[in-house]
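Asker: Input structure: target_2.pdb, which contains PDB, C-alpha atoms and all ligand atoms.
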ATOM      1  CA  MET T   1      24.573 -77.817  76.635
ATOM      2  CA  SER T   2      27.107 -75.702  74.827
ATOM      3  CA  ALA T   3      26.099 -72.808  72.575
ATOM      4  CA  THR T   4      26.634 -72.580  68.832
ATOM      5  CA  ILE T   5      29.730 -70.465  68.285
ATOM      6  CA  ILE T   6      29.018 -67.805  65.670
ATOM      7  CA  ASP T   7      32.066 -67.727  63.419
ATOM      8  CA  GLY T   8      32.308 -64.051  62.457
ATOM      9  CA  LYS T   9      35.663 -64.579  60.796
ATOM     10  CA  ALA T  10      34.263 -67.117  58.328
ATOM     11  CA  PHE T  11      31.070 -65.096  57.784
ATOM     12  CA  ALA T  12      33.108 -61.940  57.097
ATOM     13  CA  ALA T  13      35.357 -63.819  54.647
ATOM     14  CA  GLY T  14      32.267 -64.929  52.699
ATOM     15  CA  LEU T  15      30.871 -61.397  52.725
ATOM     16  CA  ARG T  16      34.176 -59.978  51.503
ATOM     17  CA  ALA T  17      34.261 -62.499  48.648
ATOM     18  CA  ARG T  18      30.727 -61.461  47.598
ATOM     19  CA  ILE T  19      31.744 -57.794  47.778
ATOM     20  CA  ALA T  20      34.812 -58.503  45.610
ATOM     21  CA  ASP T  21      32.480 -60.031  42.986
ATOM     22  CA  GLY T  22      30.272 -56.943  43.243
ATOM     23  CA  VAL T  23      33.324 -54.713  42.778
ATOM     24  CA  THR T  24      34.295 -56.610  39.611
ATOM     25  CA  ALA T  25      30.803 -56.076  38.183
ATOM     26  CA  PHE T  26      30.858 -52.398  39.224
ATOM     27  CA  ARG T  27      34.231 -51.826  37.553
ATOM     28  CA  THR T  28      32.977 -53.314  34.287
ATOM     29  CA  GLN T  29      29.925 -51.045  34.249
ATOM     30  CA  ALA T  30      31.381 -47.838  35.711
ATOM     31  CA  GLY T  31      34.849 -48.079  34.167
ATOM     32  CA  ARG T  32      36.532 -47.357  37.487
ATOM     33  CA  ALA T  33      37.050 -48.899  40.914
ATOM     34  CA  PRO T  34      35.170 -47.746  44.029
ATOM     35  CA  GLY T  35      37.438 -45.446  46.086
ATOM     36  CA  LEU T  36      37.708 -45.288  49.873
ATOM     37  CA  ALA T  37      39.653 -42.439  51.477
ATOM     38  CA  VAL T  38      40.903 -43.067  55.009
ATOM     39  CA  VAL T  39      42.237 -40.173  57.049
ATOM     40  CA  LEU T  40      44.498 -40.864  60.015
ATOM     41  CA  VAL T  41      45.571 -38.039  62.305
ATOM     42  CA  GLY T  42      48.554 -38.714  64.561
ATOM     43  CA  GLU T  43      50.335 -41.937  65.437
ATOM     44  CA  ASP T  44      47.956 -43.743  67.810
ATOM     45  CA  PRO T  45      49.161 -47.382  67.537
ATOM     46  CA  ALA T  46      45.683 -48.993  67.631
ATOM     47  CA  SER T  47      44.367 -46.527  65.019
ATOM     48  CA  SER T  48      47.409 -47.186  62.795
ATOM     49  CA  VAL T  49      46.698 -50.935  62.941
ATOM     50  CA  TYR T  50      43.016 -50.393  62.073
ATOM     51  CA  VAL T  51      43.894 -48.098  59.157
ATOM     52  CA  ARG T  52      46.452 -50.566  57.816
ATOM     53  CA  SER T  53      44.016 -53.466  57.920
ATOM     54  CA  LYS T  54      41.242 -51.363  56.359
ATOM     55  CA  GLY T  55      43.590 -50.391  53.499
ATOM     56  CA  LYS T  56      44.637 -54.006  52.941
ATOM     57  CA  ALA T  57      41.043 -55.297  52.930
ATOM     58  CA  THR T  58      39.966 -52.491  50.585
ATOM     59  CA  ARG T  59      42.655 -53.368  48.035
ATOM     60  CA  GLU T  60      41.951 -57.092  48.362
ATOM     61  CA  ALA T  61      38.307 -56.390  47.466
ATOM     62  CA  GLY T  62      39.469 -54.669  44.261
ATOM     63  CA  MET T  63      38.814 -51.100  45.453
ATOM     64  CA  GLU T  64      41.128 -48.093  45.570
ATOM     65  CA  SER T  65      42.389 -47.246  49.032
ATOM     66  CA  ILE T  66      43.569 -43.664  49.417
ATOM     67  CA  GLU T  67      45.272 -43.000  52.737
ATOM     68  CA  HIS T  68      45.930 -39.540  54.137
ATOM     69  CA  ARG T  69      48.223 -39.420  57.164
ATOM     70  CA  LEU T  70      48.302 -36.091  58.969
ATOM     71  CA  PRO T  71      50.510 -35.090  61.913
ATOM     72  CA  ALA T  72      48.978 -35.069  65.412
ATOM     73  CA  ASP T  73      49.292 -31.263  65.590
ATOM     74  CA  VAL T  74      47.462 -30.644  62.301
ATOM     75  CA  SER T  75      45.009 -27.745  62.593
ATOM     76  CA  ALA T  76      41.258 -28.371  62.532
ATOM     77  CA  ASP T  77      41.057 -26.064  59.509
ATOM     78  CA  ALA T  78      43.577 -28.140  57.555
ATOM     79  CA  LEU T  79      41.678 -31.354  58.366
ATOM     80  CA  LEU T  80      38.362 -29.765  57.376
ATOM     81  CA  ALA T  81      39.941 -28.539  54.127
ATOM     82  CA  LEU T  82      41.054 -32.097  53.310
ATOM     83  CA  VAL T  83      37.538 -33.407  54.013
ATOM     84  CA  ALA T  84      36.106 -30.700  51.708
ATOM     85  CA  THR T  85      38.467 -31.787  48.926
ATOM     86  CA  LEU T  86      37.502 -35.446  49.351
ATOM     87  CA  ASN T  87      33.804 -34.487  49.344
ATOM     88  CA  THR T  88      34.121 -33.105  45.808
ATOM     89  CA  ASP T  89      36.585 -35.669  44.414
ATOM     90  CA  PRO T  90      34.601 -37.816  41.936
ATOM     91  CA  ALA T  91      36.958 -40.809  42.421
ATOM     92  CA  ILE T  92      36.136 -40.989  46.145
ATOM     93  CA  ASP T  93      32.972 -42.884  47.148
ATOM     94  CA  GLY T  94      33.649 -43.250  50.849
ATOM     95  CA  ILE T  95      35.397 -41.052  53.432
ATOM     96  CA  LEU T  96      36.447 -42.398  56.789
ATOM     97  CA  VAL T  97      38.162 -40.247  59.406
ATOM     98  CA  GLN T  98      39.719 -42.621  61.938
ATOM     99  CA  LEU T  99      38.615 -41.839  65.506
ATOM    100  CA  PRO T 100      39.626 -40.796  68.082
ATOM    101  CA  LEU T 101      41.000 -37.471  66.899
ATOM    102  CA  PRO T 102      43.502 -35.452  68.944
ATOM    103  CA  ARG T 103      41.854 -33.424  71.692
ATOM    104  CA  HIS T 104      42.298 -30.016  69.993
ATOM    105  CA  ILE T 105      39.986 -31.105  67.153
ATOM    106  CA  ASP T 106      36.201 -31.163  67.522
ATOM    107  CA  GLU T 107      35.291 -34.693  66.360
ATOM    108  CA  GLN T 108      31.644 -33.890  65.806
ATOM    109  CA  ALA T 109      32.523 -30.921  63.582
ATOM    110  CA  VAL T 110      34.717 -33.153  61.417
ATOM    111  CA  ILE T 111      32.088 -35.909  61.159
ATOM    112  CA  SER T 112      29.464 -33.315  60.251
ATOM    113  CA  ALA T 113      31.737 -31.911  57.514
ATOM    114  CA  ILE T 114      31.768 -35.221  55.607
ATOM    115  CA  ASP T 115      29.302 -35.417  52.716
ATOM    116  CA  PRO T 116      26.562 -37.676  54.195
ATOM    117  CA  ASP T 117      26.442 -39.566  50.887
ATOM    118  CA  LYS T 118      30.131 -40.497  51.291
ATOM    119  CA  ASP T 119      29.877 -41.145  55.042
ATOM    120  CA  VAL T 120      30.507 -44.891  54.873
ATOM    121  CA  ASP T 121      31.046 -45.040  58.654
ATOM    122  CA  GLY T 122      27.436 -43.885  59.078
ATOM    123  CA  PHE T 123      28.334 -41.458  61.888
ATOM    124  CA  HIS T 124      27.004 -38.244  60.284
ATOM    125  CA  PRO T 125      23.906 -36.886  62.086
ATOM    126  CA  ILE T 126      22.014 -37.028  58.770
ATOM    127  CA  ASN T 127      22.697 -40.758  58.498
ATOM    128  CA  ALA T 128      21.713 -41.265  62.162
ATOM    129  CA  GLY T 129      18.456 -39.454  61.332
ATOM    130  CA  ARG T 130      17.936 -41.502  58.181
ATOM    131  CA  LEU T 131      18.372 -44.720  60.166
ATOM    132  CA  ALA T 132      15.928 -43.523  62.825
ATOM    133  CA  THR T 133      13.308 -42.558  60.228
ATOM    134  CA  GLY T 134      13.717 -45.552  57.897
ATOM    135  CA  LEU T 135      15.314 -43.657  54.996
ATOM    136  CA  PRO T 136      18.170 -45.155  52.963
ATOM    137  CA  GLY T 137      21.559 -43.944  54.140
ATOM    138  CA  PHE T 138      24.641 -45.476  55.696
ATOM    139  CA  VAL T 139      24.421 -47.591  58.828
ATOM    140  CA  PRO T 140      27.434 -47.777  61.195
ATOM    141  CA  CYS T 141      29.508 -50.831  60.285
ATOM    142  CA  THR T 142      29.753 -52.615  63.640
ATOM    143  CA  PRO T 143      26.015 -52.764  64.456
ATOM    144  CA  PHE T 144      25.236 -53.610  60.833
ATOM    145  CA  GLY T 145      27.637 -56.546  61.121
ATOM    146  CA  CYS T 146      25.906 -57.633  64.347
ATOM    147  CA  VAL T 147      22.545 -57.802  62.566
ATOM    148  CA  LEU T 148      24.041 -59.945  59.802
ATOM    149  CA  LEU T 149      25.428 -62.341  62.425
ATOM    150  CA  LEU T 150      22.069 -62.467  64.238
ATOM    151  CA  LYS T 151      20.304 -63.295  60.975
ATOM    152  CA  SER T 152      22.836 -66.056  60.333
ATOM    153  CA  VAL T 153      21.571 -67.981  63.368
ATOM    154  CA  LEU T 154      17.966 -66.801  63.816
ATOM    155  CA  PRO T 155      15.295 -67.501  61.198
ATOM    156  CA  SER T 156      13.459 -64.291  62.172
ATOM    157  CA  LEU T 157      14.164 -61.466  64.617
ATOM    158  CA  SER T 158      10.559 -60.256  64.576
ATOM    159  CA  GLY T 159       8.949 -60.055  68.007
ATOM    160  CA  LEU T 160      12.060 -61.095  69.913
ATOM    161  CA  GLU T 161      13.089 -59.309  73.115
ATOM    162  CA  ALA T 162      16.442 -57.612  72.495
ATOM    163  CA  VAL T 163      18.593 -55.935  75.124
ATOM    164  CA  VAL T 164      21.426 -53.664  73.982
ATOM    165  CA  VAL T 165      23.998 -52.970  76.675
ATOM    166  CA  GLY T 166      25.561 -49.567  75.950
ATOM    167  CA  ARG T 167      24.197 -46.435  74.273
ATOM    168  CA  SER T 168      27.135 -44.970  72.329
ATOM    169  CA  ASN T 169      26.509 -43.210  69.031
ATOM    170  CA  ILE T 170      28.704 -45.667  67.145
ATOM    171  CA  VAL T 171      27.392 -48.970  68.528
ATOM    172  CA  GLY T 172      24.567 -48.992  71.106
ATOM    173  CA  LYS T 173      22.154 -46.430  69.645
ATOM    174  CA  PRO T 174      22.367 -47.531  65.982
ATOM    175  CA  MET T 175      22.190 -51.156  67.169
ATOM    176  CA  ALA T 176      18.907 -50.389  68.935
ATOM    177  CA  GLN T 177      17.556 -48.683  65.800
ATOM    178  CA  LEU T 178      18.510 -51.638  63.613
ATOM    179  CA  LEU T 179      16.867 -54.134  65.965
ATOM    180  CA  LEU T 180      13.739 -51.978  66.009
ATOM    181  CA  ARG T 181      13.816 -52.012  62.187
ATOM    182  CA  GLU T 182      13.839 -55.830  62.456
ATOM    183  CA  SER T 183      10.708 -55.615  64.675
ATOM    184  CA  CYS T 184      12.428 -56.656  67.908
ATOM    185  CA  THR T 185      11.176 -55.281  71.218
ATOM    186  CA  VAL T 186      14.228 -53.279  72.203
ATOM    187  CA  THR T 187      15.569 -52.232  75.600
ATOM    188  CA  VAL T 188      18.758 -50.195  75.894
ATOM    189  CA  VAL T 189      20.595 -50.399  79.222
ATOM    190  CA  HIS T 190      23.511 -48.206  80.270
ATOM    191  CA  SER T 191      25.584 -47.111  83.242
ATOM    192  CA  ARG T 192      22.583 -45.535  85.034
ATOM    193  CA  THR T 193      20.288 -48.548  84.591
ATOM    194  CA  LYS T 194      19.169 -49.789  88.004
ATOM    195  CA  ASP T 195      19.287 -53.561  87.511
ATOM    196  CA  VAL T 196      21.129 -54.566  84.327
ATOM    197  CA  PRO T 197      20.983 -58.361  84.965
ATOM    198  CA  ALA T 198      17.188 -58.241  85.403
ATOM    199  CA  HIS T 199      16.800 -56.750  81.923
ATOM    200  CA  ILE T 200      19.263 -59.176  80.360
ATOM    201  CA  ARG T 201      17.436 -62.181  81.879
ATOM    202  CA  ARG T 202      14.364 -61.367  79.743
ATOM    203  CA  ALA T 203      16.320 -61.102  76.497
ATOM    204  CA  ASP T 204      16.189 -63.458  73.534
ATOM    205  CA  ILE T 205      18.984 -61.342  72.017
ATOM    206  CA  VAL T 206      21.757 -59.648  74.002
ATOM    207  CA  VAL T 207      24.160 -57.233  72.315
ATOM    208  CA  ALA T 208      26.991 -56.204  74.625
ATOM    209  CA  ALA T 209      28.808 -52.938  73.772
ATOM    210  CA  VAL T 210      30.080 -51.715  77.106
ATOM    211  CA  GLY T 211      33.881 -51.868  77.207
ATOM    212  CA  ILE T 212      34.027 -53.676  80.577
ATOM    213  CA  PRO T 213      35.904 -57.005  80.400
ATOM    214  CA  GLN T 214      33.642 -60.049  80.934
ATOM    215  CA  MET T 215      30.933 -58.004  82.668
ATOM    216  CA  ILE T 216      27.962 -60.074  81.527
ATOM    217  CA  LYS T 217      27.865 -63.439  83.297
ATOM    218  CA  GLY T 218      26.306 -66.682  82.148
ATOM    219  CA  ASP T 219      23.757 -66.684  84.987
ATOM    220  CA  TRP T 220      22.410 -63.307  83.773
ATOM    221  CA  LEU T 221      21.293 -64.916  80.504
ATOM    222  CA  LYS T 222      17.988 -66.493  79.548
ATOM    223  CA  PRO T 223      18.753 -70.085  78.497
ATOM    224  CA  GLY T 224      19.024 -70.276  74.704
ATOM    225  CA  ALA T 225      19.604 -66.526  74.221
ATOM    226  CA  THR T 226      21.637 -65.323  71.247
ATOM    227  CA  VAL T 227      24.586 -63.288  72.499
ATOM    228  CA  ILE T 228      26.552 -60.842  70.360
ATOM    229  CA  ASP T 229      29.675 -59.560  72.094
ATOM    230  CA  VAL T 230      30.957 -56.305  70.581
ATOM    231  CA  GLY T 231      33.469 -55.647  73.360
ATOM    232  CA  ILE T 232      37.181 -55.612  72.618
ATOM    233  CA  ASN T 233      39.125 -55.376  75.867
ATOM    234  CA  ARG T 234      42.873 -55.850  76.149
ATOM    235  CA  THR T 235      43.727 -57.652  79.391
ATOM    236  CA  GLU T 236      46.805 -59.385  80.779
ATOM    237  CA  THR T 237      45.412 -62.673  79.485
ATOM    238  CA  GLY T 238      44.769 -61.291  75.986
ATOM    239  CA  LEU T 239      41.692 -59.957  74.178
ATOM    240  CA  VAL T 240      38.357 -60.540  75.914
ATOM    241  CA  GLY T 241      34.828 -59.382  75.267
ATOM    242  CA  ASP T 242      32.197 -57.748  77.475
ATOM    243  CA  VAL T 243      30.649 -61.174  78.050
ATOM    244  CA  ASP T 244      32.153 -63.807  80.336
ATOM    245  CA  PHE T 245      32.402 -66.349  77.536
ATOM    246  CA  ALA T 246      33.305 -69.316  79.784
ATOM    247  CA  SER T 247      30.081 -69.107  81.786
ATOM    248  CA  ALA T 248      27.877 -67.749  78.957
ATOM    249  CA  VAL T 249      28.680 -70.532  76.502
ATOM    250  CA  ASP T 250      26.852 -73.068  78.723
ATOM    251  CA  VAL T 251      23.648 -71.015  78.847
ATOM    252  CA  ALA T 252      23.384 -69.194  75.508
ATOM    253  CA  GLY T 253      21.913 -70.769  72.380
ATOM    254  CA  ALA T 254      24.479 -69.029  70.190
ATOM    255  CA  ILE T 255      27.338 -66.678  71.001
ATOM    256  CA  THR T 256      30.099 -64.736  69.229
ATOM    257  CA  PRO T 257      33.661 -65.315  70.428
ATOM    258  CA  VAL T 258      36.208 -62.550  71.032
ATOM    259  CA  PRO T 259      38.287 -62.387  68.943
ATOM    260  CA  GLY T 260      36.767 -63.818  65.760
ATOM    261  CA  GLY T 261      33.162 -62.719  66.236
ATOM    262  CA  VAL T 262      31.973 -59.157  65.594
ATOM    263  CA  GLY T 263      35.449 -57.685  64.960
ATOM    264  CA  PRO T 264      35.993 -59.094  61.437
ATOM    265  CA  MET T 265      32.474 -58.009  60.424
ATOM    266  CA  THR T 266      33.213 -54.314  60.918
ATOM    267  CA  ILE T 267      35.708 -54.006  58.038
ATOM    268  CA  ALA T 268      33.596 -56.258  55.786
ATOM    269  CA  CYS T 269      30.603 -53.941  56.339
ATOM    270  CA  LEU T 270      32.780 -50.893  55.643
ATOM    271  CA  LEU T 271      33.661 -52.410  52.253
ATOM    272  CA  ARG T 272      29.997 -53.147  51.655
ATOM    273  CA  ASN T 273      29.033 -49.529  52.438
ATOM    274  CA  THR T 274      31.748 -48.262  50.070
ATOM    275  CA  LEU T 275      30.499 -50.472  47.225
ATOM    276  CA  VAL T 276      26.900 -49.384  47.898
ATOM    277  CA  SER T 277      28.009 -45.734  47.826
ATOM    278  CA  ALA T 278      29.850 -46.222  44.532
ATOM    279  CA  GLY T 279      26.783 -47.918  43.046
ATOM    280  CA  ARG T 280      24.469 -45.093  44.141
ATOM    281  CA  ARG T 281      26.823 -42.412  42.851
ATOM    282  CA  GLU T 282      27.287 -44.044  39.429
ATOM    283  CA  GLY T 283      23.720 -45.323  39.059
ATOM    284  CA  VAL T 284      25.000 -48.904  38.943
ATOM    285  CA  ALA T 285      22.899 -51.597  40.653
ATOM    286  CA  VAL T 286      24.887 -53.411  43.359
ATOM    287  CA  ASP T 287      23.676 -56.106  45.711
ATOM    288  CA  GLU T 288      22.704 -54.388  48.985
TER
HETATM  289  P1  LIG L 301      31.540 -46.340  74.846
HETATM  290  O1  LIG L 301      32.526 -46.244  75.957
HETATM  291  O2  LIG L 301      31.349 -45.177  73.941
HETATM  292  O3  LIG L 301      30.117 -46.735  75.456
HETATM  293  C1  LIG L 301      29.987 -47.679  76.455
HETATM  294  C2  LIG L 301      28.544 -47.746  76.889
HETATM  295  O4  LIG L 301      28.449 -48.702  77.958
HETATM  296  C3  LIG L 301      28.002 -46.430  77.434
HETATM  297  O5  LIG L 301      26.736 -46.183  76.886
HETATM  298  C4  LIG L 301      27.917 -46.664  78.950
HETATM  299  O6  LIG L 301      26.820 -46.024  79.571
HETATM  300  C5  LIG L 301      27.684 -48.162  79.020
HETATM  301  N1  LIG L 301      28.119 -48.691  80.305
HETATM  302  C6  LIG L 301      29.262 -48.422  80.981
HETATM  303  N2  LIG L 301      29.287 -49.094  82.140
HETATM  304  C7  LIG L 301      28.134 -49.798  82.202
HETATM  305  C8  LIG L 301      27.573 -50.671  83.148
HETATM  306  N3  LIG L 301      28.212 -50.977  84.292
HETATM  307  N4  LIG L 301      26.380 -51.225  82.896
HETATM  308  C9  LIG L 301      25.713 -50.956  81.747
HETATM  309  N5  LIG L 301      26.209 -50.118  80.803
HETATM  310  C10 LIG L 301      27.394 -49.556  81.039
HETATM  311  O7  LIG L 301      31.955 -47.643  74.039
HETATM  312  P2  LIG L 301      31.662 -48.088  72.510
HETATM  313  O8  LIG L 301      30.212 -48.212  72.289
HETATM  314  O9  LIG L 301      32.473 -47.277  71.602
HETATM  315  O10 LIG L 301      32.337 -49.543  72.539
HETATM  316  C11 LIG L 301      31.880 -50.561  73.394
HETATM  317  C12 LIG L 301      32.799 -51.748  73.280
HETATM  318  O11 LIG L 301      32.790 -52.226  71.947
HETATM  319  C13 LIG L 301      34.268 -51.474  73.593
HETATM  320  O12 LIG L 301      34.837 -52.616  74.199
HETATM  321  C14 LIG L 301      34.890 -51.256  72.236
HETATM  322  O13 LIG L 301      36.272 -51.561  72.209
HETATM  323  C15 LIG L 301      34.112 -52.232  71.407
HETATM  324  N6  LIG L 301      34.006 -51.895  69.984
HETATM  325  C16 LIG L 301      34.232 -52.913  69.095
HETATM  326  C17 LIG L 301      34.108 -52.702  67.737
HETATM  327  C18 LIG L 301      34.312 -53.863  66.813
HETATM  328  O14 LIG L 301      34.621 -53.673  65.657
HETATM  329  N7  LIG L 301      34.099 -55.102  67.280
HETATM  330  C19 LIG L 301      33.805 -51.372  67.200
HETATM  331  C20 LIG L 301      33.497 -50.399  68.220
HETATM  332  C21 LIG L 301      33.617 -50.666  69.552
HETATM  333  P3  LIG L 301      26.711 -44.404  79.677
HETATM  334  O15 LIG L 301      26.256 -43.945  78.333
HETATM  335  O16 LIG L 301      25.677 -44.224  80.719
HETATM  336  O17 LIG L 301      28.071 -43.903  80.053
END
Represent the structure of the file as structure tokens.
Ligand code: NDP
Answerer:
Amino acid sequence: MSATIIDGKAFAAGLRARIADGVTAFRTQAGRAPGLAVVLVGEDPASSVYVRSKGKATREAGMESIEHRLPADVSADALLALVATLNTDPAIDGILVQLPLPRHIDEQAVISAIDPDKDVDGFHPINAGRLATGLPGFVPCTPFGCVLLLKSVLPSLSGLEAVVVGRSNIVGKPMAQLLLRESCTVTVVHSRTKDVPAHIRRADIVVAAVGIPQMIKGDWLKPGATVIDVGINRTETGLVGDVDFASAVDVAGAITPVPGGVGPMTIACLLRNTLVSAGRREGVAVDE
């Protein structure tokens, strides 16, 4: 039997349309558009592509996109000064500093300098703490998108066994927190885990965020499992995920493709976080 293919591209398009409606309502009430500032340091080609598509999606949703492009040799002080200016700019609701930053800049120091209430990427330690303690804040976009996709195919996540493969601050750890918030029983496996397949075989939900092409094989999966593949790996044959789609699709109950699964959700959730931020800052109710 072949799994249901979770169409992240279509889901994200629907979400973006709902956000655009929310932006229209916000503009009427607040008298201005939500503003997202994106800071790009250097000329990394992948980062430039991401920043361009974020800007385009932001404008298409009816928001202001303010891009700051800084040279690769910009000083940490100059970058921190720009962040401080954006923190106090009333027209800016969200600040995103595109990662990775050049090696001479301390990424954590820059993330920590962003006003947590404008940290629409959800990477600030205060927002990580808010997520862990159940307080309202900003949740990192990629794992948030994964939860929306899971809910699109599962009537309830409560009580399900979930295995998250990877423990990065931007995907694995917040993913685990979000699944816990949904009352899953959560296991996080990583490079030091003794027997990764044994854990995955127990899972009703598998979220793969490893960065190893096609690592997770179909015969590691519990039949009927829901598989969310966060991985984006460029190979000679094109983009592939962390899951071996060809073998997994015959075992899983539902699975995201790569591309067209989780990827499109990330920008849609960034727009959602920016609208939520604007609503909180202006005291305007927006659909969360
Ligand atoms: P990181 O490299 O930061 O983290 C990878 C994690 O995988 C680490 O926790 C590492 O463990 C773990 N790992 C490595 N090897 C193994 C192994 N053999 N078995 C089990 N775990 C292992 O990656 P990210 O979290 O940033 O990204 C993961 C993937 O998701 C990448 O392919 C990336 O391109 C993609 N991505 C996609 C996004 C999207 O929008 N769709 C957004 C962000 C990322 P340890 O901690 O022990 O080193």
Asker: Check what the PyMOL selection byres (((chain T and resi 275) around 10) and not hetatm) selects in the file above and give those residues as a VMD selection string.
Answerer: chain T and resid 19 to 20 22 to 23 26 33 to 36 61 63 93 to 94 120 269 to 274 276 to 281 286 to 288
Asker: For ligand LIG 301 (chain L), which residue among T:Thr133, T:Gln177, T:Thr256, T:Gln29 is the nearest when counting only C-alpha atoms and all ligand atoms?
Answerer: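 Residue with the minimum atom-to-atom distance to ligand LIG 301 (chain L): T:Thr256.
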Asker: Ligand LIG 301 (chain L): which residues are within 6 Å, counting only C-alpha atoms and all ligand atoms? Reply as a VMD selection string.
Answerer: chain T and resid 142 165 to 168 170 to 172 189 to 192 209 to 211 230 to 233 262 to 263 266
Asker: Those residues you just picked out, can you put them in a file as a CSV table (one decimal), in the frame of the given file with C-alpha atoms?
Answerer:
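Saved to again_14.csv:
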chain,number,residue,atom,x,y,z
T,142,THR,CA,29.8,-52.6,63.6
T,165,VAL,CA,24.0,-53.0,76.7
T,166,GLY,CA,25.6,-49.6,76.0
T,167,ARG,CA,24.2,-46.4,74.3
T,168,SER,CA,27.1,-45.0,72.3
T,170,ILE,CA,28.7,-45.7,67.1
T,171,VAL,CA,27.4,-49.0,68.5
T,172,GLY,CA,24.6,-49.0,71.1
T,189,VAL,CA,20.6,-50.4,79.2
T,190,HIS,CA,23.5,-48.2,80.3
T,191,SER,CA,25.6,-47.1,83.2
T,192,ARG,CA,22.6,-45.5,85.0
T,209,ALA,CA,28.8,-52.9,73.8
T,210,VAL,CA,30.1,-51.7,77.1
T,211,GLY,CA,33.9,-51.9,77.2
T,230,VAL,CA,31.0,-56.3,70.6
T,231,GLY,CA,33.5,-55.6,73.4
T,232,ILE,CA,37.2,-55.6,72.6
T,233,ASN,CA,39.1,-55.4,75.9
T,262,VAL,CA,32.0,-59.2,65.6
T,263,GLY,CA,35.4,-57.7,65.0
T,266,THR,CA,33.2,-54.3,60.9
Asker: Using the chain letters and numbers from this file, what does the PyMOL selection byres (((chain T and resi 220) around 9) and not hetatm) select? Give the answer as a ChimeraX atom specification.
Answerer: /T:196-201,216-219,221-222,248
Asker: In Å to one decimal, how far is atom CA of T:Phe144 from atom CA of T:Gly14?
Answerer: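 Those two atoms sit 15.6 Å apart.
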Asker: Nearest to T:Asp106 among T:Ala30, T:Gly129, T:Ala76, T:Asp121, with distances taken over all atoms listed in the file: which residue is it?
Answerer: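 Under the stated criterion, the closest residue is T:Ala76.
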Asker: Check the smallest atom-to-atom distance from each of T:Ala268, T:Ile114, T:Leu135, T:Ala72 to T:Thr88 using only C-alpha atoms, then report the winner.
Answerer: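 Looking at the shortest contact to T:Thr88, the residue is T:Ile114.
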Asker: Could you state which residues are captured by the PyMOL selection byres (((chain T and resi 245) around 9) and not hetatm) in this file, as a list in words?
Answerer: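 When the PyMOL selection byres (((chain T and resi 245) around 9) and not hetatm) is applied to the shown file, the picked residues are Gln214, Ile216, Lys217, Gly218, Val240, Gly241, Asp242, Val243, Asp244, Ala246, Ser247, Ala248, Val249, Asp250, Ile255, Thr256, Pro257 and Val258 of chain T.
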Asker: To one decimal place, how far is atom CA of T:Asn127 from atom CA of T:Pro140 in Å?
Answerer: 8.9 Å
Asker: For T:Arg103, please output as an mmCIF file with C-alpha atoms, in the frame of the given file all residues within 12 Å (counting all atoms listed in the file; exclusion window: fewer than 4 positions along the same chain).
Answerer:
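Generated file (around_23.cif):
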data_model
loop_
_atom_site.group_PDB
_atom_site.id
_atom_site.type_symbol
_atom_site.label_atom_id
_atom_site.label_comp_id
_atom_site.auth_asym_id
_atom_site.auth_seq_id
_atom_site.Cartn_x
_atom_site.Cartn_y
_atom_site.Cartn_z
ATOM 1 C CA VAL T 41 45.571 -38.039 62.305
ATOM 2 C CA GLY T 42 48.554 -38.714 64.561
ATOM 3 C CA ALA T 72 48.978 -35.069 65.412
ATOM 4 C CA ASP T 73 49.292 -31.263 65.590
ATOM 5 C CA VAL T 74 47.462 -30.644 62.301
ATOM 6 C CA SER T 75 45.009 -27.745 62.593
ATOM 7 C CA ALA T 76 41.258 -28.371 62.532
ATOM 8 C CA LEU T 99 38.615 -41.839 65.506
ATOM 9 C CA GLU T 107 35.291 -34.693 66.360
ATOM 10 C CA GLN T 108 31.644 -33.890 65.806
#
Asker: So how many Å separate atom CA of T:Lys173 and atom CA of T:Pro116, to one decimal?
Answerer: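 One can read the atom CA of T:Lys173 to atom CA of T:Pro116 distance as 18.3 Å.
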Asker: Name the residues in contact with T:Val147 at a cut-off of 8 Å, using all atoms listed in the file, excluding same-chain residues fewer than 4 positions from it; report them as a PDB file with C-alpha atoms, in the frame of the given file.
Answerer:
ATOM      1  CA  PRO T 143      26.015 -52.764  64.456  1.00  0.00           C
ATOM      2  CA  LYS T 151      20.304 -63.295  60.975  1.00  0.00           C
ATOM      3  CA  LEU T 178      18.510 -51.638  63.613  1.00  0.00           C
ATOM      4  CA  LEU T 179      16.867 -54.134  65.965  1.00  0.00           C
TER       5      LEU T 179
END
Asker: Of the residues T:Ala13, T:Ala81, T:Lys194, T:Ile6, which is the one nearest to T:Gly253, using all atoms listed in the file?
Answerer: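 Closest candidate: T:Ile6.
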Asker: Around (44.1, -49.1, 59.7) in the file's own coordinates, what residues are found within 12 Å if you use only C-alpha atoms, given back as a PyMOL selection string?
Answerer: chain T and resi 37-41+43-58+65-69+96-99+267
Asker: Calculated over only C-alpha atoms, which of the candidates T:Ile111, T:Cys184, T:Ala203, T:Leu149 has the smallest distance to T:Gly260?
Answerer: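 That would be T:Leu149, the residue with the smallest distance to T:Gly260.
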Asker: Can you tell me which residues surround T:Thr226 at a distance of at most 8 Å, considering only C-alpha atoms, apart from same-chain residues fewer than 6 positions away, and format the answer as number ranges by chain?
Answerer: T: 150, 204-206, 252-255
Asker: Looking at all atoms listed in the file, which of T:Asp229, T:Asp21, T:Asp195, T:Asp119 is the one that sits closest to T:Cys146?
Answerer: T:Asp229
